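> coords-v8.txt is the file, holding compact mmCIF, C-alpha atoms and all ligand atoms:
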```txt
# COMPACT_ATOMS: atom_id res chain seq x y z
CA MET A 1 0.00 0.00 0.00
CA GLU A 2 1.14 3.55 -0.74
CA THR A 3 2.66 5.56 2.10
CA ILE A 4 3.13 9.25 2.80
CA ASN A 5 5.78 10.84 5.01
CA ILE A 6 4.76 12.72 8.15
CA LEU A 7 7.83 14.08 9.97
CA GLY A 8 9.90 11.03 9.11
CA ILE A 9 7.20 8.39 9.69
CA LYS A 10 5.75 6.46 6.76
CA ILE A 11 1.97 6.45 7.13
CA THR A 12 -0.18 4.09 5.05
CA ASN A 13 -2.52 5.96 2.73
CA THR A 14 -5.75 4.04 3.19
CA THR A 15 -9.26 3.96 4.63
CA LEU A 16 -10.53 1.82 7.50
CA LYS A 17 -12.52 -0.32 5.07
CA ALA A 18 -9.72 -0.88 2.55
CA PHE A 19 -7.22 -1.55 5.31
CA THR A 20 -9.46 -4.09 7.05
CA LYS A 21 -9.82 -5.86 3.70
CA LYS A 22 -6.04 -5.91 3.22
CA ILE A 23 -5.44 -7.33 6.69
CA THR A 24 -8.15 -9.95 6.15
CA GLU A 25 -6.19 -11.10 3.07
CA HIS A 26 -3.03 -11.34 5.19
CA ILE A 27 -4.93 -13.44 7.74
CA ILE A 28 -6.13 -15.82 5.01
CA GLU A 29 -2.54 -16.11 3.70
CA SER A 30 -1.20 -16.51 7.29
CA LYS A 31 1.14 -13.62 6.53
CA LYS A 32 2.80 -12.37 9.69
CA THR A 33 2.11 -8.63 9.98
CA PHE A 34 3.08 -5.81 12.35
CA ILE A 35 0.72 -2.82 12.49
CA VAL A 36 1.37 0.46 14.31
CA THR A 37 -1.56 2.83 14.85
CA ALA A 38 0.21 6.18 15.07
CA ASN A 39 -0.88 9.40 16.71
CA PRO A 40 1.12 12.65 16.98
CA GLU A 41 2.58 11.52 20.34
CA ILE A 42 4.12 8.48 18.63
CA VAL A 43 5.50 10.60 15.78
CA MET A 44 7.05 13.09 18.22
CA ARG A 45 8.50 10.30 20.36
CA ALA A 46 10.07 8.76 17.26
CA ARG A 47 11.73 12.08 16.41
CA LYS A 48 13.53 12.05 19.76
CA ASP A 49 14.32 8.34 19.85
CA THR A 50 15.85 7.02 16.64
CA SER A 51 15.65 3.38 17.71
CA TYR A 52 11.90 3.83 18.22
CA GLN A 53 11.70 5.52 14.83
CA SER A 54 13.34 2.50 13.17
CA ILE A 55 10.90 0.17 14.93
CA ILE A 56 7.94 2.18 13.60
CA ASN A 57 9.30 2.44 10.08
CA ASP A 58 10.14 -1.28 10.01
CA ALA A 59 6.50 -2.17 10.77
CA ASP A 60 4.48 -3.48 7.83
CA TYR A 61 1.89 -0.74 8.20
CA VAL A 62 1.57 2.49 10.18
CA THR A 63 -1.98 3.82 10.18
CA ALA A 64 -3.22 7.30 11.07
CA ASP A 65 -4.70 6.72 14.52
CA GLY A 66 -5.12 10.37 15.44
CA ILE A 67 -6.90 13.21 13.66
CA GLY A 68 -3.66 15.20 14.09
CA ILE A 69 -1.97 12.90 11.56
CA VAL A 70 -4.81 13.36 9.06
CA LYS A 71 -4.73 17.16 9.48
CA ALA A 72 -0.94 17.19 9.15
CA SER A 73 -1.18 15.19 5.93
CA ALA A 74 -3.46 17.88 4.46
CA ILE A 75 -1.16 20.69 5.61
CA LEU A 76 1.78 18.87 4.00
CA LYS A 77 -0.26 18.55 0.78
CA GLN A 78 -0.43 14.76 0.72
CA PRO A 79 -3.89 14.28 2.24
CA LEU A 80 -4.96 11.04 3.86
CA PRO A 81 -8.64 10.17 3.38
CA GLU A 82 -9.50 9.47 7.03
CA ARG A 83 -8.33 8.11 10.38
CA VAL A 84 -7.65 4.42 10.78
CA ALA A 85 -7.88 4.50 14.58
CA GLY A 86 -6.61 1.58 16.64
CA PHE A 87 -9.93 1.14 18.41
CA ASP A 88 -11.95 1.15 15.17
CA LEU A 89 -9.54 -1.31 13.61
CA LEU A 90 -9.84 -3.53 16.68
CA LEU A 91 -13.65 -3.58 16.28
CA GLU A 92 -13.49 -4.23 12.53
CA LEU A 93 -11.04 -7.09 12.96
CA LEU A 94 -13.14 -8.58 15.76
CA LYS A 95 -16.07 -8.59 13.32
CA VAL A 96 -13.91 -10.43 10.77
CA ALA A 97 -12.73 -12.84 13.47
CA ASN A 98 -16.35 -13.41 14.49
CA THR A 99 -17.48 -14.43 11.00
CA LYS A 100 -14.37 -16.45 10.19
CA THR A 101 -13.99 -18.05 13.66
CA LEU A 102 -10.44 -16.76 13.97
CA LYS A 103 -8.14 -17.25 16.94
CA VAL A 104 -7.56 -14.11 19.01
CA TYR A 105 -5.01 -13.37 21.77
CA LEU A 106 -5.03 -10.26 23.97
CA LEU A 107 -1.89 -8.94 25.64
CA GLY A 108 -1.93 -5.89 27.88
CA ALA A 109 -3.84 -3.84 30.47
CA LYS A 110 -4.40 -4.79 34.11
CA HIS A 111 -5.61 -8.30 34.81
CA GLU A 112 -9.14 -7.32 35.99
CA VAL A 113 -9.58 -4.97 33.04
CA LEU A 114 -8.43 -7.63 30.63
CA GLU A 115 -10.89 -10.17 32.02
CA LYS A 116 -13.70 -7.72 31.37
CA ALA A 117 -12.44 -7.13 27.82
CA VAL A 118 -12.39 -10.90 27.24
CA GLN A 119 -15.96 -11.22 28.56
CA HIS A 120 -17.06 -8.42 26.24
CA ILE A 121 -15.57 -10.23 23.25
CA GLN A 122 -17.08 -13.57 24.21
CA LEU A 123 -20.51 -12.01 24.61
CA ASN A 124 -20.54 -9.80 21.54
CA TYR A 125 -18.38 -11.79 19.12
CA PRO A 126 -19.32 -15.42 19.87
CA GLY A 127 -17.57 -16.68 16.72
CA VAL A 128 -14.18 -15.49 18.01
CA VAL A 129 -11.97 -18.25 19.36
CA MET A 130 -10.36 -16.57 22.37
CA VAL A 131 -7.21 -18.67 22.62
CA GLY A 132 -5.62 -16.75 25.46
CA TYR A 133 -4.83 -13.50 27.17
CA HIS A 134 -2.23 -12.07 29.52
CA HIS A 135 -2.06 -8.78 31.44
CA GLY A 136 0.53 -6.24 30.43
CA TYR A 137 2.72 -6.20 33.54
CA PHE A 138 4.99 -9.17 32.89
CA ASP A 139 8.72 -9.86 32.88
CA TRP A 140 9.99 -9.30 29.33
CA GLU A 141 12.95 -11.61 29.99
CA ASP A 142 10.74 -14.58 30.84
CA PRO A 143 10.28 -16.60 27.63
CA SER A 144 7.21 -18.56 28.84
CA LEU A 145 4.69 -15.96 27.65
CA LYS A 146 5.92 -15.78 24.08
CA LYS A 147 6.36 -19.56 24.01
CA SER A 148 2.71 -20.00 24.92
CA ILE A 149 1.59 -17.45 22.29
CA ARG A 150 3.65 -19.25 19.66
CA GLU A 151 2.06 -22.58 20.53
CA LEU A 152 -1.48 -21.15 20.51
CA GLU A 153 -0.98 -19.82 16.95
CA PRO A 154 -3.44 -16.89 17.17
CA ASP A 155 -4.48 -15.21 13.90
CA LEU A 156 -4.75 -11.86 15.68
CA VAL A 157 -2.72 -10.56 18.62
CA PHE A 158 -3.88 -7.25 20.08
CA VAL A 159 -1.09 -5.70 22.15
CA GLY A 160 -2.23 -2.96 24.55
CA LEU A 161 0.87 -1.97 26.51
CA GLY A 162 0.67 1.72 25.57
CA MET A 163 3.30 3.37 23.41
CA PRO A 164 6.27 2.93 23.09
CA LYS A 165 6.20 -0.39 24.95
CA GLN A 166 3.77 -2.19 22.67
CA GLU A 167 5.75 -1.41 19.49
CA LYS A 168 9.02 -2.36 21.23
CA TRP A 169 7.57 -5.67 22.43
CA ILE A 170 6.17 -6.58 19.00
CA SER A 171 9.38 -5.61 17.23
CA GLN A 172 11.54 -7.60 19.68
CA ASN A 173 9.40 -10.72 19.52
CA ILE A 174 7.69 -10.95 16.15
CA GLY A 175 10.59 -12.92 14.68
CA TYR A 176 9.86 -15.69 17.17
CA PHE A 177 6.30 -16.29 15.95
CA ASN A 178 5.28 -18.27 12.89
CA MET A 179 2.12 -16.37 12.10
CA GLY A 180 -0.27 -13.69 13.33
CA ILE A 181 -1.31 -10.10 12.85
CA PHE A 182 0.26 -8.05 15.68
CA ILE A 183 -1.29 -4.66 16.42
CA GLY A 184 -0.43 -2.09 19.07
CA VAL A 185 -3.79 -0.86 20.36
CA GLY A 186 -2.81 1.44 23.26
CA GLY A 187 -5.62 1.86 25.77
CA SER A 188 -8.23 0.11 23.58
CA LEU A 189 -8.53 -2.88 25.90
CA ASP A 190 -9.62 -0.51 28.69
CA VAL A 191 -12.29 0.89 26.37
CA LEU A 192 -13.44 -2.60 25.35
CA ALA A 193 -13.68 -3.50 29.04
CA GLY A 194 -15.86 -0.44 29.64
CA ASN A 195 -13.32 1.00 32.10
CA VAL A 196 -12.49 3.99 29.94
CA LYS A 197 -15.19 5.59 27.80
CA ARG A 198 -14.49 6.47 24.21
CA ALA A 199 -15.51 9.98 23.17
CA PRO A 200 -19.16 10.26 22.05
CA SER A 201 -19.49 10.13 18.26
CA LEU A 202 -20.26 13.85 17.97
CA TRP A 203 -16.92 14.69 19.59
CA ILE A 204 -15.18 12.30 17.19
CA LYS A 205 -17.03 13.85 14.22
CA LEU A 206 -15.91 17.31 15.36
CA ASN A 207 -12.31 16.00 15.53
CA LEU A 208 -12.23 16.59 19.28
CA GLU A 209 -11.58 13.06 20.53
CA TRP A 210 -8.17 14.17 21.84
CA LEU A 211 -9.84 16.92 23.92
CA TYR A 212 -12.39 14.46 25.32
CA ARG A 213 -9.54 12.14 26.36
CA LEU A 214 -7.71 15.01 28.01
CA LEU A 215 -10.81 16.10 29.94
CA SER A 216 -11.79 12.57 30.99
CA GLN A 217 -8.23 11.44 31.85
CA PRO A 218 -6.47 14.64 32.98
CA SER A 219 -3.44 12.59 34.04
CA ARG A 220 -2.64 12.36 30.32
CA TRP A 221 -1.84 16.08 30.09
CA LYS A 222 1.90 15.52 30.27
CA ARG A 223 2.09 13.23 27.27
CA MET A 224 -0.26 15.51 25.36
CA LEU A 225 2.30 18.29 25.62
CA ALA A 226 3.73 16.69 22.48
CA LEU A 227 0.74 17.98 20.49
CA PRO A 228 1.64 21.69 20.21
CA GLY A 229 5.19 20.71 19.22
CA PHE A 230 3.76 18.47 16.54
CA VAL A 231 1.65 21.30 15.08
CA VAL A 232 4.61 23.70 15.08
CA ARG A 233 6.84 21.13 13.39
CA VAL A 234 4.26 20.35 10.70
CA PHE A 235 3.94 24.03 9.77
CA TYR A 236 7.72 24.40 9.84
CA GLU A 237 8.03 21.53 7.34
CA ARG A 238 5.39 23.06 5.11
CA ILE A 239 7.03 26.46 5.06
CA TYR A 240 10.71 25.52 4.89
CA LYS A 241 10.91 22.07 3.35
CA LYS A 242 8.60 22.38 0.38
N1 LIG B 1 -0.05 -0.98 30.16
C1 LIG B 1 0.40 -2.28 30.27
N2 LIG B 1 1.68 -2.50 30.71
C2 LIG B 1 2.52 -1.50 31.01
C3 LIG B 1 2.06 -0.16 30.88
C4 LIG B 1 0.76 0.06 30.43
O1 LIG B 1 -0.34 -3.22 29.99
O2 LIG B 1 3.66 -1.77 31.39
C5 LIG B 1 -1.42 -0.77 29.67
C6 LIG B 1 -2.30 0.05 30.56
O3 LIG B 1 -2.87 -0.76 31.57
C7 LIG B 1 -3.33 0.56 29.56
C8 LIG B 1 -2.49 0.74 28.29
O4 LIG B 1 -1.33 -0.05 28.48
O5 LIG B 1 -4.29 -0.45 29.32
C9 LIG B 1 -1.98 2.14 28.08
O6 LIG B 1 -2.96 2.93 27.73
P1 LIG B 1 -2.68 4.40 27.21
O7 LIG B 1 -4.00 5.05 27.16
O8 LIG B 1 -1.59 5.06 27.99
O9 LIG B 1 -2.11 4.09 25.76
P2 LIG B 1 -2.05 4.97 24.48
O10 LIG B 1 -3.25 4.60 23.67
O11 LIG B 1 -2.07 6.38 24.88
O12 LIG B 1 -0.76 4.53 23.85
```
Could you show the structure in this file as C-alpha cells?


Amino acid sequence: METINILGIKITNTTLKAFTKKITEHIIESKKTFIVTANPEIVMRARKDTSYQSIINDADYVTADGIGIVKASAILKQPLPERVAGFDLLLELLKVANTKTLKVYLLGAKHEVLEKAVQHIQLNYPGVVMVGYHHGYFDWEDPSLKKSIRELEPDLVFVGLGMPKQEKWISQNIGYFNMGIFIGVGGSLDVLAGNVKRAPSLWIKLNLEWLYRLLSQPSRWKRMLALPGFVVRVFYERIYKK
C-alpha cells in the first residue's frame, strides 16, 4: 500500500474499510504482519528516539490513529482520506474474526480490566476463538509468555501496553512467531472492558476526541504536551521544506 511521510514516519494511505480488507487477506494467507496505529505523540516520540523511529518504520503498516496525523497530511499537501484509529480497527477485525472463527489473543492492560475485555468479546463476538490473554505487567525476559503465544498460533494478537512499549515488544518478539497479525492498540482494551469511555461520536465527528480524552483522563496532560510541538513542526516543514 502507498505511504506518505509525516515528519519522518511512513503512514499508510488508506481507509478503514480498505485496510481491514487488506489485513483480512493477510490473515487468510497466514502472513505475519506488524501494524502500528500512530498518533502525533508516537510521531514526536520517534523524532527524539531514533531506535523507536526504526521500529515504527520497520512495521508493515503504520496507520493514522489520530486526527492530528490526518490534518498534518493535508497541511503537508499529501492528504490522507480518514483516520484508521486503533480502536476502530480492533472492532473491525473482531467482526472479521467473528465471521471467520479466527483465533484471538489479547496482551496488555491490568488483569481485571483484561478479564472484562475478554468477557465483552465472548458475549458480543461469539464466533471469536479466544485462545488466550495475559495482562501487560509481565517480565519481558521470561520466555514462557511468548512460548505459549507461539504454541497457541493466534491469527490476531492485540497488544495494549501503551506506546512505546507495545511497538518495542512486538518488534523484539515478532521474529519468534510463525504467524499472526500483531497490532499495538494502546488503551483500547480498557475501552473494550468499559473501564475507559471512548468519546461520544459527535466529539469524534468534530475532531475533538483528543480533547475528550484530556478532559476525561487529565493525568494524560503531560504526554499531550507533544501535540503543540507536533503542530509547530508540521507548519515548519510546510514552510521551509517544500
Ligand atoms: N499498560 C500495560 N503495561 C505497562 C504499561 C501500560 O499493559 O507496562 C497498559 C495500561 O494498563 C493501559 C495501556 O497499556 O491499558 C496504556 O494505555 P494508554 O491510554 O496510555 O495508551 P495509548 O493509547 O495512549 O498509547

> Would you list the contacts of range 52-54 of chain A as a PyMOL selection string, taking every protein, DNA or RNA residue within 8 Å and counting all atoms listed in the file, but skipping same-chain residues closer than 4 positions in sequence?

chain A and resi 9+45-47+58+164+168

> Return as a ChimeraX atom specification the residues of protein, DNA or RNA that approach ligand LIG 1 (chain B) to within 7 Å, with all atoms listed in the file taken into account.

/A:108-110,135-137,160-163,185-190

> Would you please work out which residue, of A:Asp155, A:Pro228, A:Gly8, A:Ala72, is nearest to Asp49 in chain A when using all atoms listed in the file?

A:Gly8

> Skipping near chain neighbours, those fewer than 3 positions away, what residues fall within 10 Å of Glu115 in chain A using only C-alpha atoms, listed as a ChimeraX atom specification?

/A:106,109-112,118-121,133-135,189,193

> Smallest atom-to-atom distance to Asp65 in chain A: which of A:Val84, A:Ile239, A:Val231, A:Val43, using all atoms listed in the file?

A:Val84

> Just the number, please: distance in Å from CA of Asn98 in chain A to CA of Ile183 in chain A, one decimal.

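Here the two named atoms are 17.5 Å from each other.
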
> CA of Ala59 in chain A to CA of Val196 in chain A: how many Å, to one decimal?

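If I compute the distance from CA of Ala59 in chain A to CA of Val196 in chain A, I get 27.7 Å.
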
> One number please: CA of Glu167 in chain A to CA of Leu7 in chain A, in Å, one decimal.

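Separation between CA of Glu167 in chain A and CA of Leu7 in chain A: 18.3 Å.
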
> Write out as a list in words each polymer residue whose atoms come within 9 Å of Pro40 in chain A, counting only C-alpha atoms; drop sequence neighbours fewer than 5 positions from it.

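Once the nearby chain positions are removed, what remains is Arg45, Asp65, Gly66, Ile67, Gly68, Ile69, Met224, Ala226, Leu227, Phe230 and Val231 of chain A.
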
> Extract, using all atoms listed in the file, all DNA, RNA and protein residues at most 10 Å from Val96 in chain A, discarding same-chain residues fewer than 2 positions from it, and format them as an MDAnalysis selection string.

chainID A and resid 20:21 23:24 27 90:94 98:102 125 127:128

> Keeping only C-alpha atoms, take the residues you just selected and write them out as a short mmCIF file (atom, residue, chain, number, x, y, z; two decimals), in the coordinates of the input.


```cif
data_model
loop_
_atom_site.label_atom_id
_atom_site.label_comp_id
_atom_site.auth_asym_id
_atom_site.auth_seq_id
_atom_site.Cartn_x
_atom_site.Cartn_y
_atom_site.Cartn_z
CA THR A 20 -9.46 -4.09 7.05
CA LYS A 21 -9.82 -5.86 3.70
CA ILE A 23 -5.44 -7.33 6.69
CA THR A 24 -8.15 -9.95 6.15
CA ILE A 27 -4.93 -13.44 7.74
CA LEU A 90 -9.84 -3.53 16.68
CA LEU A 91 -13.65 -3.58 16.28
CA GLU A 92 -13.49 -4.23 12.53
CA LEU A 93 -11.04 -7.09 12.96
CA LEU A 94 -13.14 -8.58 15.76
CA ASN A 98 -16.35 -13.41 14.49
CA THR A 99 -17.48 -14.43 11.00
CA LYS A 100 -14.37 -16.45 10.19
CA THR A 101 -13.99 -18.05 13.66
CA LEU A 102 -10.44 -16.76 13.97
CA TYR A 125 -18.38 -11.79 19.12
CA GLY A 127 -17.57 -16.68 16.72
CA VAL A 128 -14.18 -15.49 18.01
#
```

> Determine the nearest neighbour of Asn124 in chain A from the options A:Lys165, A:Arg238, A:Lys95, A:Lys147, counting only C-alpha atoms.

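Among the listed residues, the smallest separation from Asn124 in chain A belongs to A:Lys95.
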
> May I have the protein, DNA and RNA residues with any atom at most 9 Å from the point (5.9, -4.2, 14.9), counting only C-alpha atoms, written as a list in words?

Thr33, Phe34, Ile35, Val36, Ile55, Ile56, Asn57, Asp58, Ala59, Asp60, Tyr61, Gln166, Glu167, Lys168, Trp169, Ile170, Ser171, Gln172, Asn173, Ile174, Phe182, Ile183 and Gly184 of chain A

> Using all atoms listed in the file, pick whichever of A:Asp88, A:Glu29, A:Glu2, A:Glu141 has the shortest atom-to-atom distance to Val62 in chain A.

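Counting all atoms listed in the file, the residue closest to Val62 in chain A is A:Glu2.
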